[in-house]
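For reference, run-v8.pdb (PDB, C-alpha atoms (C1' of nucleotides)):
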ATOM      1  CA  MET A 242     -48.074  34.404 -33.601
ATOM      2  CA  LEU A 243     -49.401  32.797 -30.492
ATOM      3  CA  SER A 244     -48.176  29.214 -30.225
ATOM      4  CA  LYS A 245     -50.707  26.458 -29.839
ATOM      5  CA  LYS A 246     -49.075  25.640 -26.560
ATOM      6  CA  THR A 247     -50.064  29.028 -25.206
ATOM      7  CA  LYS A 248     -53.486  28.940 -26.771
ATOM      8  CA  TYR A 249     -54.222  25.509 -25.338
ATOM      9  CA  GLY A 250     -52.754  26.437 -21.991
ATOM     10  CA  LEU A 251     -54.973  29.490 -21.744
ATOM     11  CA  LYS A 252     -58.033  27.489 -22.683
ATOM     12  CA  ALA A 253     -57.224  24.814 -20.136
ATOM     13  CA  LEU A 254     -56.719  27.373 -17.388
ATOM     14  CA  ALA A 255     -59.942  29.106 -18.299
ATOM     15  CA  TYR A 256     -61.770  25.797 -18.238
ATOM     16  CA  LEU A 257     -60.425  24.998 -14.784
ATOM     17  CA  ALA A 258     -61.323  28.480 -13.600
ATOM     18  CA  SER A 259     -64.862  28.089 -14.887
ATOM     19  CA  LYS A 260     -65.478  25.128 -12.602
ATOM     20  CA  GLU A 261     -67.276  26.135  -9.447
ATOM     21  CA  ASN A 262     -65.537  23.789  -7.072
ATOM     22  CA  ARG A 263     -61.807  23.159  -6.993
ATOM     23  CA  GLN A 264     -62.050  19.427  -7.566
ATOM     24  CA  PRO A 265     -59.348  17.891  -9.788
ATOM     25  CA  VAL A 266     -60.225  17.708 -13.485
ATOM     26  CA  GLN A 267     -58.736  14.991 -15.631
ATOM     27  CA  ILE A 268     -56.565  15.793 -18.642
ATOM     28  CA  ALA A 269     -58.884  13.787 -20.855
ATOM     29  CA  GLU A 270     -61.888  15.880 -19.886
ATOM     30  CA  ILE A 271     -60.125  19.157 -20.609
ATOM     31  CA  ALA A 272     -58.716  17.873 -23.875
ATOM     32  CA  LYS A 273     -62.094  16.702 -25.051
ATOM     33  CA  HIS A 274     -63.944  19.833 -24.016
ATOM     34  CA  GLU A 275     -61.437  22.185 -25.633
ATOM     35  CA  ASN A 276     -60.573  20.093 -28.704
ATOM     36  CA  ILE A 277     -56.948  19.668 -27.777
ATOM     37  CA  SER A 278     -54.582  16.801 -28.484
ATOM     38  CA  GLN A 279     -54.498  15.040 -25.134
ATOM     39  CA  LYS A 280     -50.827  14.155 -25.255
ATOM     40  CA  PHE A 281     -49.849  17.707 -26.078
ATOM     41  CA  LEU A 282     -52.052  19.095 -23.335
ATOM     42  CA  GLU A 283     -50.395  16.698 -20.919
ATOM     43  CA  SER A 284     -47.029  18.400 -21.319
ATOM     44  CA  ILE A 285     -48.570  21.854 -21.136
ATOM     45  CA  LEU A 286     -50.344  21.149 -17.868
ATOM     46  CA  LEU A 287     -47.146  19.678 -16.509
ATOM     47  CA  SER A 288     -45.270  22.896 -17.145
ATOM     48  CA  LEU A 289     -48.069  24.874 -15.536
ATOM     49  CA  ARG A 290     -47.782  22.711 -12.465
ATOM     50  CA  LYS A 291     -44.012  22.993 -12.279
ATOM     51  CA  THR A 292     -44.231  26.760 -12.427
ATOM     52  CA  GLY A 293     -46.724  26.940  -9.629
ATOM     53  CA  LEU A 294     -50.009  27.742 -11.341
ATOM     54  CA  LEU A 295     -51.573  24.319 -10.996
ATOM     55  CA  SER A 296     -51.428  21.367  -8.698
ATOM     56  CA  SER A 297     -52.332  17.783  -9.450
ATOM     57  CA  LYS A 298     -53.504  14.595  -7.900
ATOM     58  CA  LYS A 299     -52.876  11.070  -9.145
ATOM     59  CA  GLY A 300     -55.101   8.025  -9.232
ATOM     60  CA  LYS A 301     -58.861   7.748  -9.318
ATOM     61  CA  GLY A 302     -60.554  11.065  -8.843
ATOM     62  CA  GLY A 303     -57.291  12.744  -9.695
ATOM     63  CA  GLY A 304     -56.485  15.468 -12.180
ATOM     64  CA  TYR A 305     -55.384  19.087 -12.275
ATOM     65  CA  TYR A 306     -56.718  22.014 -10.284
ATOM     66  CA  LEU A 307     -55.931  25.665  -9.720
ATOM     67  CA  ILE A 308     -53.864  26.598  -6.701
ATOM     68  CA  LYS A 309     -55.021  30.202  -6.496
ATOM     69  CA  GLU A 310     -58.313  31.914  -7.049
ATOM     70  CA  PRO A 311     -58.795  32.933 -10.687
ATOM     71  CA  SER A 312     -58.900  36.569  -9.637
ATOM     72  CA  GLU A 313     -55.399  36.179  -8.186
ATOM     73  CA  VAL A 314     -53.835  34.858 -11.369
ATOM     74  CA  LEU A 315     -52.332  37.647 -13.451
ATOM     75  CA  MET A 316     -52.057  37.175 -17.186
ATOM     76  CA  THR A 317     -48.516  38.568 -17.144
ATOM     77  CA  ASP A 318     -47.437  35.483 -15.213
ATOM     78  CA  VAL A 319     -49.450  33.095 -17.338
ATOM     79  CA  MET A 320     -48.120  34.510 -20.596
ATOM     80  CA  ARG A 321     -44.520  34.476 -19.445
ATOM     81  CA  ILE A 322     -44.811  30.844 -18.438
ATOM     82  CA  LEU A 323     -46.577  29.681 -21.577
ATOM     83  CA  GLU A 324     -45.271  31.957 -24.323
ATOM     84  CA  GLY A 325     -42.064  33.286 -22.827
ATOM     85  CA  PRO A 326     -41.012  36.940 -22.946
ATOM     86  CA  ILE A 327     -43.757  39.466 -23.511
ATOM     87  CA  ALA A 328     -41.315  41.737 -25.330
ATOM     88  CA  MET A 329     -40.801  41.086 -29.031
ATOM     89  CA  VAL A 330     -37.042  41.635 -28.795
ATOM     90  CA  PRO A 331     -34.801  40.570 -25.913
ATOM     91  CA  CYS A 332     -33.301  44.040 -25.594
ATOM     92  CA  VAL A 333     -36.581  45.459 -24.297
ATOM     93  CA  SER A 334     -37.503  42.512 -22.100
ATOM     94  CA  LEU A 335     -37.941  43.107 -18.379
ATOM     95  CA  ASN A 336     -37.585  39.480 -17.318
ATOM     96  CA  PHE A 337     -35.483  38.037 -20.124
ATOM     97  CA  TYR A 338     -33.175  40.910 -21.059
ATOM     98  CA  GLU A 339     -30.386  40.287 -23.547
ATOM     99  CA  LYS A 340     -28.237  42.702 -25.491
ATOM    100  CA  CYS A 341     -28.523  42.579 -29.274
ATOM    101  CA  ASP A 342     -25.195  41.549 -30.753
ATOM    102  CA  ASP A 343     -25.734  43.576 -33.912
ATOM    103  CA  CYS A 344     -26.757  46.778 -32.188
ATOM    104  CA  PRO A 345     -23.992  49.078 -30.873
ATOM    105  CA  ASP A 346     -26.249  51.624 -29.178
ATOM    106  CA  GLU A 347     -29.631  50.670 -27.778
ATOM    107  CA  GLY A 348     -30.567  54.248 -27.068
ATOM    108  CA  ALA A 349     -30.206  55.147 -30.725
ATOM    109  CA  CYS A 350     -31.891  52.037 -32.098
ATOM    110  CA  SER A 351     -35.147  52.621 -33.928
ATOM    111  CA  VAL A 352     -36.344  49.085 -33.370
ATOM    112  CA  HIS A 353     -35.649  49.350 -29.663
ATOM    113  CA  LYS A 354     -37.681  52.518 -29.391
ATOM    114  CA  LEU A 355     -40.691  51.088 -31.174
ATOM    115  CA  MET A 356     -40.641  47.761 -29.399
ATOM    116  CA  LEU A 357     -40.496  49.431 -26.013
ATOM    117  CA  GLN A 358     -43.851  50.988 -26.730
ATOM    118  CA  VAL A 359     -45.288  47.708 -27.956
ATOM    119  CA  ARG A 360     -44.065  45.915 -24.857
ATOM    120  CA  ASP A 361     -45.550  48.505 -22.549
ATOM    121  CA  SER A 362     -48.916  48.398 -24.246
ATOM    122  CA  ALA A 363     -49.043  44.609 -24.118
ATOM    123  CA  LEU A 364     -47.933  44.626 -20.526
ATOM    124  CA  GLU A 365     -50.749  46.945 -19.588
ATOM    125  CA  VAL A 366     -53.294  44.572 -21.070
ATOM    126  CA  TYR A 367     -51.856  41.544 -19.303
ATOM    127  CA  ARG A 368     -51.584  43.377 -16.004
ATOM    128  CA  ASN A 369     -55.202  44.388 -16.179
ATOM    129  CA  ASN A 370     -56.468  40.889 -16.838
ATOM    130  CA  THR A 371     -56.725  37.967 -14.468
ATOM    131  CA  LEU A 372     -57.974  34.484 -15.157
ATOM    132  CA  GLU A 373     -61.306  35.557 -13.770
ATOM    133  CA  ASP A 374     -61.638  38.266 -16.390
ATOM    134  CA  LEU A 375     -61.230  35.694 -19.132
ATOM    135  CA  ILE A 376     -64.244  33.622 -18.174
ATOM    136  CA  ARG A 377     -66.924  36.249 -18.309
TER
ATOM    137  CA  MET B  35     -40.621  37.167 -31.132
ATOM    138  CA  LEU B  36     -39.772  39.643 -33.820
ATOM    139  CA  SER B  37     -38.136  37.878 -36.763
ATOM    140  CA  LYS B  38     -34.753  39.068 -37.931
ATOM    141  CA  LYS B  39     -36.341  39.836 -41.245
ATOM    142  CA  THR B  40     -38.574  42.413 -39.585
ATOM    143  CA  LYS B  41     -35.816  43.761 -37.396
ATOM    144  CA  TYR B  42     -33.456  44.198 -40.324
ATOM    145  CA  GLY B  43     -36.207  45.636 -42.490
ATOM    146  CA  LEU B  44     -37.035  48.240 -39.870
ATOM    147  CA  LYS B  45     -33.406  49.177 -39.467
ATOM    148  CA  ALA B  46     -32.934  49.502 -43.202
ATOM    149  CA  LEU B  47     -36.008  51.682 -43.557
ATOM    150  CA  ALA B  48     -34.895  53.861 -40.682
ATOM    151  CA  TYR B  49     -31.467  54.215 -42.247
ATOM    152  CA  LEU B  50     -32.964  55.276 -45.570
ATOM    153  CA  ALA B  51     -35.259  57.700 -43.774
ATOM    154  CA  SER B  52     -32.340  59.234 -41.914
ATOM    155  CA  LYS B  53     -30.676  60.267 -45.174
ATOM    156  CA  GLU B  54     -31.370  63.879 -46.028
ATOM    157  CA  ASN B  55     -31.659  63.517 -49.796
ATOM    158  CA  ARG B  56     -33.542  60.764 -51.551
ATOM    159  CA  GLN B  57     -30.607  59.454 -53.533
ATOM    160  CA  PRO B  58     -30.423  55.673 -53.952
ATOM    161  CA  VAL B  59     -28.457  53.871 -51.263
ATOM    162  CA  GLN B  60     -26.710  50.618 -52.105
ATOM    163  CA  ILE B  61     -27.529  47.395 -50.320
ATOM    164  CA  ALA B  62     -23.903  47.004 -49.323
ATOM    165  CA  GLU B  63     -23.863  50.344 -47.544
ATOM    166  CA  ILE B  64     -27.003  49.591 -45.563
ATOM    167  CA  ALA B  65     -25.817  46.090 -44.699
ATOM    168  CA  LYS B  66     -22.479  47.346 -43.469
ATOM    169  CA  HIS B  67     -23.897  50.221 -41.474
ATOM    170  CA  GLU B  68     -26.542  48.081 -39.761
ATOM    171  CA  ASN B  69     -24.526  44.867 -39.359
ATOM    172  CA  ILE B  70     -26.802  42.805 -41.553
ATOM    173  CA  SER B  71     -25.981  39.870 -43.831
ATOM    174  CA  GLN B  72     -26.023  41.498 -47.239
ATOM    175  CA  LYS B  73     -27.698  38.655 -49.092
ATOM    176  CA  PHE B  74     -30.445  38.383 -46.505
ATOM    177  CA  LEU B  75     -31.014  42.119 -46.615
ATOM    178  CA  GLU B  76     -31.236  41.899 -50.375
ATOM    179  CA  SER B  77     -34.350  39.730 -50.208
ATOM    180  CA  ILE B  78     -35.890  41.917 -47.526
ATOM    181  CA  LEU B  79     -35.445  45.097 -49.545
ATOM    182  CA  LEU B  80     -36.867  43.317 -52.550
ATOM    183  CA  SER B  81     -40.068  42.527 -50.697
ATOM    184  CA  LEU B  82     -40.287  46.107 -49.495
ATOM    185  CA  ARG B  83     -40.010  47.265 -53.079
ATOM    186  CA  LYS B  84     -42.633  44.829 -54.341
ATOM    187  CA  THR B  85     -45.075  46.017 -51.709
ATOM    188  CA  GLY B  86     -44.623  49.641 -52.602
ATOM    189  CA  LEU B  87     -42.558  51.048 -49.762
ATOM    190  CA  LEU B  88     -39.315  51.353 -51.670
ATOM    191  CA  SER B  89     -38.163  51.857 -55.206
ATOM    192  CA  SER B  90     -34.824  50.898 -56.712
ATOM    193  CA  LYS B  91     -32.405  51.769 -59.454
ATOM    194  CA  LYS B  92     -29.911  49.439 -61.084
ATOM    195  CA  GLY B  93     -26.387  50.063 -62.264
ATOM    196  CA  LYS B  94     -23.817  52.518 -61.036
ATOM    197  CA  GLY B  95     -25.238  55.085 -58.681
ATOM    198  CA  GLY B  96     -28.163  52.750 -58.113
ATOM    199  CA  GLY B  97     -29.653  51.391 -54.921
ATOM    200  CA  TYR B  98     -32.840  51.641 -52.898
ATOM    201  CA  TYR B  99     -34.758  54.737 -51.861
ATOM    202  CA  LEU B 100     -38.000  55.622 -50.110
ATOM    203  CA  ILE B 101     -40.995  56.414 -52.264
ATOM    204  CA  LYS B 102     -42.874  58.413 -49.631
ATOM    205  CA  GLU B 103     -41.796  60.877 -47.003
ATOM    206  CA  PRO B 104     -40.930  59.146 -43.708
ATOM    207  CA  SER B 105     -43.780  60.987 -41.991
ATOM    208  CA  GLU B 106     -46.200  59.377 -44.449
ATOM    209  CA  VAL B 107     -45.135  55.799 -43.733
ATOM    210  CA  LEU B 108     -47.281  54.228 -41.017
ATOM    211  CA  MET B 109     -45.815  51.459 -38.913
ATOM    212  CA  THR B 110     -49.012  49.445 -39.290
ATOM    213  CA  ASP B 111     -48.222  49.036 -42.982
ATOM    214  CA  VAL B 112     -44.553  48.345 -42.405
ATOM    215  CA  MET B 113     -45.222  45.713 -39.768
ATOM    216  CA  ARG B 114     -47.867  43.950 -41.819
ATOM    217  CA  ILE B 115     -45.504  43.739 -44.771
ATOM    218  CA  LEU B 116     -42.488  42.568 -42.805
ATOM    219  CA  GLU B 117     -43.943  40.553 -39.945
ATOM    220  CA  GLY B 118     -47.401  39.671 -41.209
ATOM    221  CA  PRO B 119     -50.556  39.957 -39.105
ATOM    222  CA  ILE B 120     -50.399  42.231 -36.097
ATOM    223  CA  ALA B 121     -52.867  40.027 -34.257
ATOM    224  CA  MET B 122     -51.442  37.058 -32.365
ATOM    225  CA  VAL B 123     -54.264  34.764 -33.474
ATOM    226  CA  PRO B 124     -55.932  34.765 -36.899
ATOM    227  CA  CYS B 125     -59.410  34.943 -35.359
ATOM    228  CA  VAL B 126     -58.789  38.513 -34.148
ATOM    229  CA  SER B 127     -56.944  39.713 -37.232
ATOM    230  CA  LEU B 128     -58.388  42.626 -39.184
ATOM    231  CA  ASN B 129     -56.470  41.994 -42.390
ATOM    232  CA  PHE B 130     -55.796  38.267 -42.189
ATOM    233  CA  TYR B 131     -58.895  36.890 -40.472
ATOM    234  CA  GLU B 132     -59.360  33.160 -40.202
ATOM    235  CA  LYS B 133     -61.679  31.111 -38.067
ATOM    236  CA  CYS B 134     -60.089  28.800 -35.521
ATOM    237  CA  ASP B 135     -60.948  25.217 -36.373
ATOM    238  CA  ASP B 136     -60.873  24.109 -32.756
ATOM    239  CA  CYS B 137     -63.079  26.892 -31.438
ATOM    240  CA  PRO B 138     -66.859  26.502 -31.773
ATOM    241  CA  ASP B 139     -67.831  29.939 -30.459
ATOM    242  CA  GLU B 140     -65.548  32.926 -30.838
ATOM    243  CA  GLY B 141     -67.705  35.109 -28.652
ATOM    244  CA  ALA B 142     -67.275  32.730 -25.748
ATOM    245  CA  CYS B 143     -63.567  32.080 -26.267
ATOM    246  CA  SER B 144     -61.297  33.337 -23.520
ATOM    247  CA  VAL B 145     -58.283  33.491 -25.789
ATOM    248  CA  HIS B 146     -60.210  35.503 -28.343
ATOM    249  CA  LYS B 147     -61.245  38.031 -25.753
ATOM    250  CA  LEU B 148     -57.733  38.564 -24.419
ATOM    251  CA  MET B 149     -56.062  38.693 -27.810
ATOM    252  CA  LEU B 150     -58.512  41.301 -29.040
ATOM    253  CA  GLN B 151     -57.240  43.631 -26.353
ATOM    254  CA  VAL B 152     -53.625  42.853 -27.185
ATOM    255  CA  ARG B 153     -54.226  43.488 -30.865
ATOM    256  CA  ASP B 154     -55.913  46.809 -30.196
ATOM    257  CA  SER B 155     -53.130  48.007 -27.948
ATOM    258  CA  ALA B 156     -50.455  47.043 -30.459
ATOM    259  CA  LEU B 157     -52.435  48.625 -33.261
ATOM    260  CA  GLU B 158     -52.606  51.889 -31.381
ATOM    261  CA  VAL B 159     -48.833  51.976 -31.044
ATOM    262  CA  TYR B 160     -48.238  51.226 -34.711
ATOM    263  CA  ARG B 161     -50.845  53.747 -35.826
ATOM    264  CA  ASN B 162     -49.225  56.463 -33.769
ATOM    265  CA  ASN B 163     -45.763  55.871 -35.188
ATOM    266  CA  THR B 164     -44.408  56.731 -38.595
ATOM    267  CA  LEU B 165     -40.959  56.103 -39.980
ATOM    268  CA  GLU B 166     -40.105  59.654 -39.043
ATOM    269  CA  ASP B 167     -40.887  58.986 -35.379
ATOM    270  CA  LEU B 168     -38.377  56.149 -35.372
ATOM    271  CA  ILE B 169     -35.396  58.279 -36.313
ATOM    272  CA  ARG B 170     -35.499  60.860 -33.579
TER
ATOM    273  C1'  DA C 112     -56.146  -3.934  -9.890
ATOM    274  C1'  DT C 113     -57.458   0.172 -11.767
ATOM    275  C1'  DT C 114     -56.965   4.782 -12.688
ATOM    276  C1'  DT C 115     -54.652   8.627 -13.266
ATOM    277  C1'  DA C 116     -50.642  11.760 -13.694
ATOM    278  C1'  DC C 117     -45.648  11.602 -14.924
ATOM    279  C1'  DC C 118     -41.497  11.031 -17.818
ATOM    280  C1'  DC C 119     -38.654  10.117 -21.895
ATOM    281  C1'  DT C 120     -37.963   9.720 -26.648
ATOM    282  C1'  DA C 121     -38.688  10.264 -31.402
ATOM    283  C1'  DT C 122     -40.275  12.595 -35.497
ATOM    284  C1'  DA C 123     -42.539  14.858 -39.425
ATOM    285  C1'  DG C 124     -43.187  19.198 -40.933
ATOM    286  C1'  DA C 125     -42.708  24.055 -41.036
ATOM    287  C1'  DT C 126     -40.120  28.193 -40.546
ATOM    288  C1'  DT C 127     -36.148  30.975 -40.233
ATOM    289  C1'  DT C 128     -31.856  32.544 -41.714
ATOM    290  C1'  DA C 129     -29.057  32.548 -44.367
ATOM    291  C1'  DG C 130     -25.369  31.037 -48.524
ATOM    292  C1'  DT C 131     -24.287  30.106 -53.632
ATOM    293  C1'  DA C 132     -24.505  30.946 -58.432
ATOM    294  C1'  DG C 133     -25.729  33.339 -61.926
ATOM    295  C1'  DA C 134     -28.894  36.578 -64.920
ATOM    296  C1'  DT C 135     -30.296  41.202 -65.973
ATOM    297  C1'  DT C 136     -30.163  46.089 -66.341
ATOM    298  C1'  DT C 137     -27.836  50.512 -66.306
ATOM    299  C1'  DT C 138     -23.976  53.436 -66.533
ATOM    300  C1'  DT C 139     -19.378  54.534 -67.774
ATOM    301  C1'  DA C 140     -15.307  54.367 -70.473
ATOM    302  C1'  DA C 141     -12.375  52.817 -74.197
TER
ATOM    303  C1'  DT D 145     -20.028  50.988 -80.914
ATOM    304  C1'  DT D 146     -18.413  47.997 -77.857
ATOM    305  C1'  DA D 147     -16.827  46.324 -73.534
ATOM    306  C1'  DA D 148     -16.432  46.536 -68.795
ATOM    307  C1'  DA D 149     -18.131  47.581 -64.384
ATOM    308  C1'  DA D 150     -21.735  48.231 -61.007
ATOM    309  C1'  DA D 151     -25.605  47.300 -59.201
ATOM    310  C1'  DT D 152     -30.153  44.880 -58.561
ATOM    311  C1'  DC D 153     -32.814  40.622 -59.424
ATOM    312  C1'  DT D 154     -33.868  35.539 -59.430
ATOM    313  C1'  DA D 155     -33.657  30.846 -58.136
ATOM    314  C1'  DC D 156     -31.964  27.076 -55.721
ATOM    315  C1'  DT D 157     -30.150  24.960 -51.646
ATOM    316  C1'  DA D 158     -29.171  23.999 -46.805
ATOM    317  C1'  DA D 159     -28.468  24.124 -41.979
ATOM    318  C1'  DA D 160     -30.569  24.995 -37.852
ATOM    319  C1'  DT D 161     -34.291  25.558 -34.986
ATOM    320  C1'  DC D 162     -38.986  25.312 -33.509
ATOM    321  C1'  DT D 163     -43.701  23.211 -33.382
ATOM    322  C1'  DA D 164     -47.022  19.974 -32.606
ATOM    323  C1'  DT D 165     -47.792  15.444 -31.804
ATOM    324  C1'  DA D 166     -47.422  10.353 -30.940
ATOM    325  C1'  DG D 167     -45.759   6.154 -28.372
ATOM    326  C1'  DG D 168     -44.652   3.629 -24.618
ATOM    327  C1'  DG D 169     -43.542   2.884 -20.243
ATOM    328  C1'  DT D 170     -43.303   4.385 -14.855
ATOM    329  C1'  DA D 171     -45.093   5.901 -10.439
ATOM    330  C1'  DA D 172     -48.537   6.907  -7.280
ATOM    331  C1'  DA D 173     -53.173   7.030  -5.397
ATOM    332  C1'  DT D 174     -57.545   4.748  -4.689
TER
END
Would you write out, as structure tokens, the structure that this file holds?
Amino acid sequence: MLSKKTKYGLKALAYLASKENRQPVQIAEIAKHENISQKFLESILLSLRKTGLLSSKKGKGGGYYLIKEPSEVLMTDVMRILEGPIAMVPCVSLNFYEKCDDCPDEGACSVHKLMLQVRDSALEVYRNNTLEDLIR
Amino acid sequence: MLSKKTKYGLKALAYLASKENRQPVQIAEIAKHENISQKFLESILLSLRKTGLLSSKKGKGGGYYLIKEPSEVLMTDVMRILEGPIAMVPCVSLNFYEKCDDCPDEGACSVHKLMLQVRDSALEVYRNNTLEDLIR
DNA sequence: ATTTACCCTATAGATTTAGTAGATTTTTAA
DNA sequence: TTAAAAATCTACTAAATCTATAGGGTAAAT
């Protein structure tokens, strides 16, 4: 299941990308337009800023805005920031690899084999989509 | 993330499939061989029986066994039983569809569009794998 | 002074991952 | 025929973690 954090984060990014100019957009405006709890969105946008997808400006006329062009923002990066590993088990994760403690031999593991395929297929989708692709 | 329930269920099914004959295999044997908490596995196997993937026999010489040949068991069915919907959001689910309450227009939703692609790619993997594919 | 993002904390509820205790059914053996 | 043993089945409980959100105050820009 996709967490609401990810869902809201994606919607917020798409909303920012849909704006012609790169003027800051206030949290309240995004929250209202996308039907998101404003306080929750606040923390999501913060994490997007800290990981380098967004920048912000305080005070009047402030808000959040995209750093890069939408066409430069890969969904692999967005998903990893919002949702975490793309792999469904740590033992097939490229960026968050961990050995299973119950599994003596990864090469012989049926789950490993299946989840490798699932990871690769998901990865291909995310690699072929940028933020720009989402808004048309 | 794949739940441990699903992971253990897959391993148990693969173990049963790897047995040449279709004699019942006891919970304890599966649990030991796959490093799974026996009591937890018990409830997982029960749900697999109730959904028609396994059958069981009580008493001495009893245990669980596959109803169908491993090559006849599609991973789409297994995953839906163990993990639930394959889609990451209900609004793109084939078997568990639900409308998002925050989303006025599915057709215009960026999340919807992306998650459709992810669902289709995962579905293709699961459709092209049977239990037999997992054990070689 | 006003407006906005930023930061910290708490929390209710759900889900996950088990553990405990016993009931039920089947087979085997006395 | 009866009793014991072997296995699944059922129900209840509980700890731990995660999720989604709210509240209240701080810092910075205008």
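Closest approach to Tyr249 (chain A) among A:Glu373, A:Glu313, A:Glu324, A:Asp318 is made by A:Glu324 (distances from all atoms listed in the file).
The gap separating C1' of DA173 (chain D) from CA of Lys301 (chain A) is 6.9 Å, in Å to one decimal.
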Would you give me, as a list in words, the residues of chain C that come within 12 Å of chain B, using only C-alpha atoms (C1' of nucleotides)?
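Selected residues: DT126, DT127, DT128, DA129, DG130, DT131, DT135, DT136, DT137, DT138 and DT139 of chain C.
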Counting all atoms listed in the file, closest pick from B:Val59, B:Leu148, B:Leu50, B:Ile169 relative to chain D is B:Val59
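Shortest separation to chain A among B:Thr40, B:Ser105, B:Gln60, B:Asn129 occurs at residue B:Thr40, atoms counted being only C-alpha atoms.
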Care to translate the PyMOL selection byres ((chain B and resi 170) around 12) into actual residues of this file, as a list of chain:residue names?
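This file, filtered by the PyMOL selection byres ((chain B and resi 170) around 12), leaves A:Gly348, A:Ala349, A:Cys350, A:Ser351, A:Val352, A:Lys354, A:Leu355, B:Ala48, B:Tyr49, B:Ala51, B:Ser52, B:Pro104, B:Ser105, B:Asn163, B:Thr164, B:Leu165, B:Glu166, B:Asp167, B:Leu168, B:Ile169.
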Using all atoms listed in the file and a distance of at most 7 Å, pull out the residues of chain B that contact chain A, as an mmCIF file with C-alpha atoms, keeping the file's coordinate frame.
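Result saved to selection.cif:
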data_model
loop_
_atom_site.group_PDB
_atom_site.id
_atom_site.type_symbol
_atom_site.label_atom_id
_atom_site.label_comp_id
_atom_site.auth_asym_id
_atom_site.auth_seq_id
_atom_site.Cartn_x
_atom_site.Cartn_y
_atom_site.Cartn_z
ATOM 1 C CA MET B 35 -40.621 37.167 -31.132
ATOM 2 C CA LEU B 36 -39.772 39.643 -33.820
ATOM 3 C CA LYS B 41 -35.816 43.761 -37.396
ATOM 4 C CA LEU B 44 -37.035 48.240 -39.870
ATOM 5 C CA LYS B 45 -33.406 49.177 -39.467
ATOM 6 C CA ALA B 48 -34.895 53.861 -40.682
ATOM 7 C CA ASN B 69 -24.526 44.867 -39.359
ATOM 8 C CA MET B 122 -51.442 37.058 -32.365
ATOM 9 C CA VAL B 123 -54.264 34.764 -33.474
ATOM 10 C CA ASP B 136 -60.873 24.109 -32.756
ATOM 11 C CA SER B 144 -61.297 33.337 -23.520
ATOM 12 C CA VAL B 145 -58.283 33.491 -25.789
ATOM 13 C CA LEU B 148 -57.733 38.564 -24.419
ATOM 14 C CA GLN B 151 -57.240 43.631 -26.353
ATOM 15 C CA VAL B 152 -53.625 42.853 -27.185
ATOM 16 C CA SER B 155 -53.130 48.007 -27.948
ATOM 17 C CA ALA B 156 -50.455 47.043 -30.459
ATOM 18 C CA VAL B 159 -48.833 51.976 -31.044
ATOM 19 C CA LEU B 168 -38.377 56.149 -35.372
ATOM 20 C CA ILE B 169 -35.396 58.279 -36.313
#
Just so the selection is clear, what residues does the PyMOL selection byres ((chain D) within 7 of (chain A)) cover here, as a ChimeraX atom specification?
/D:165,172-174
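Our summary of the geometry notes that CA of Asn55 (chain B) is positioned 10.1 Å from CA of Leu100 (chain B).
Distance check against Ser288 (chain A) using all atoms listed in the file: of A:Val319, A:Cys341, A:Leu357, A:Val314, the minimum falls on A:Val319.
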So what do you get for CA of Leu87 (chain B) versus CA of Glu54 (chain B), distance-wise?
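About the pair CA of Leu87 (chain B) and CA of Glu54 (chain B): they are 17.4 Å apart.
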Tell me which protein, DNA and RNA residues are within 8 Å of Ser297 (chain A), counting all atoms listed in the file, leaving out same-chain ones fewer than 2 positions away, and put them as a PyMOL selection string.
(chain A and resi 265+290+295+299+303-306) or (chain C and resi 116)
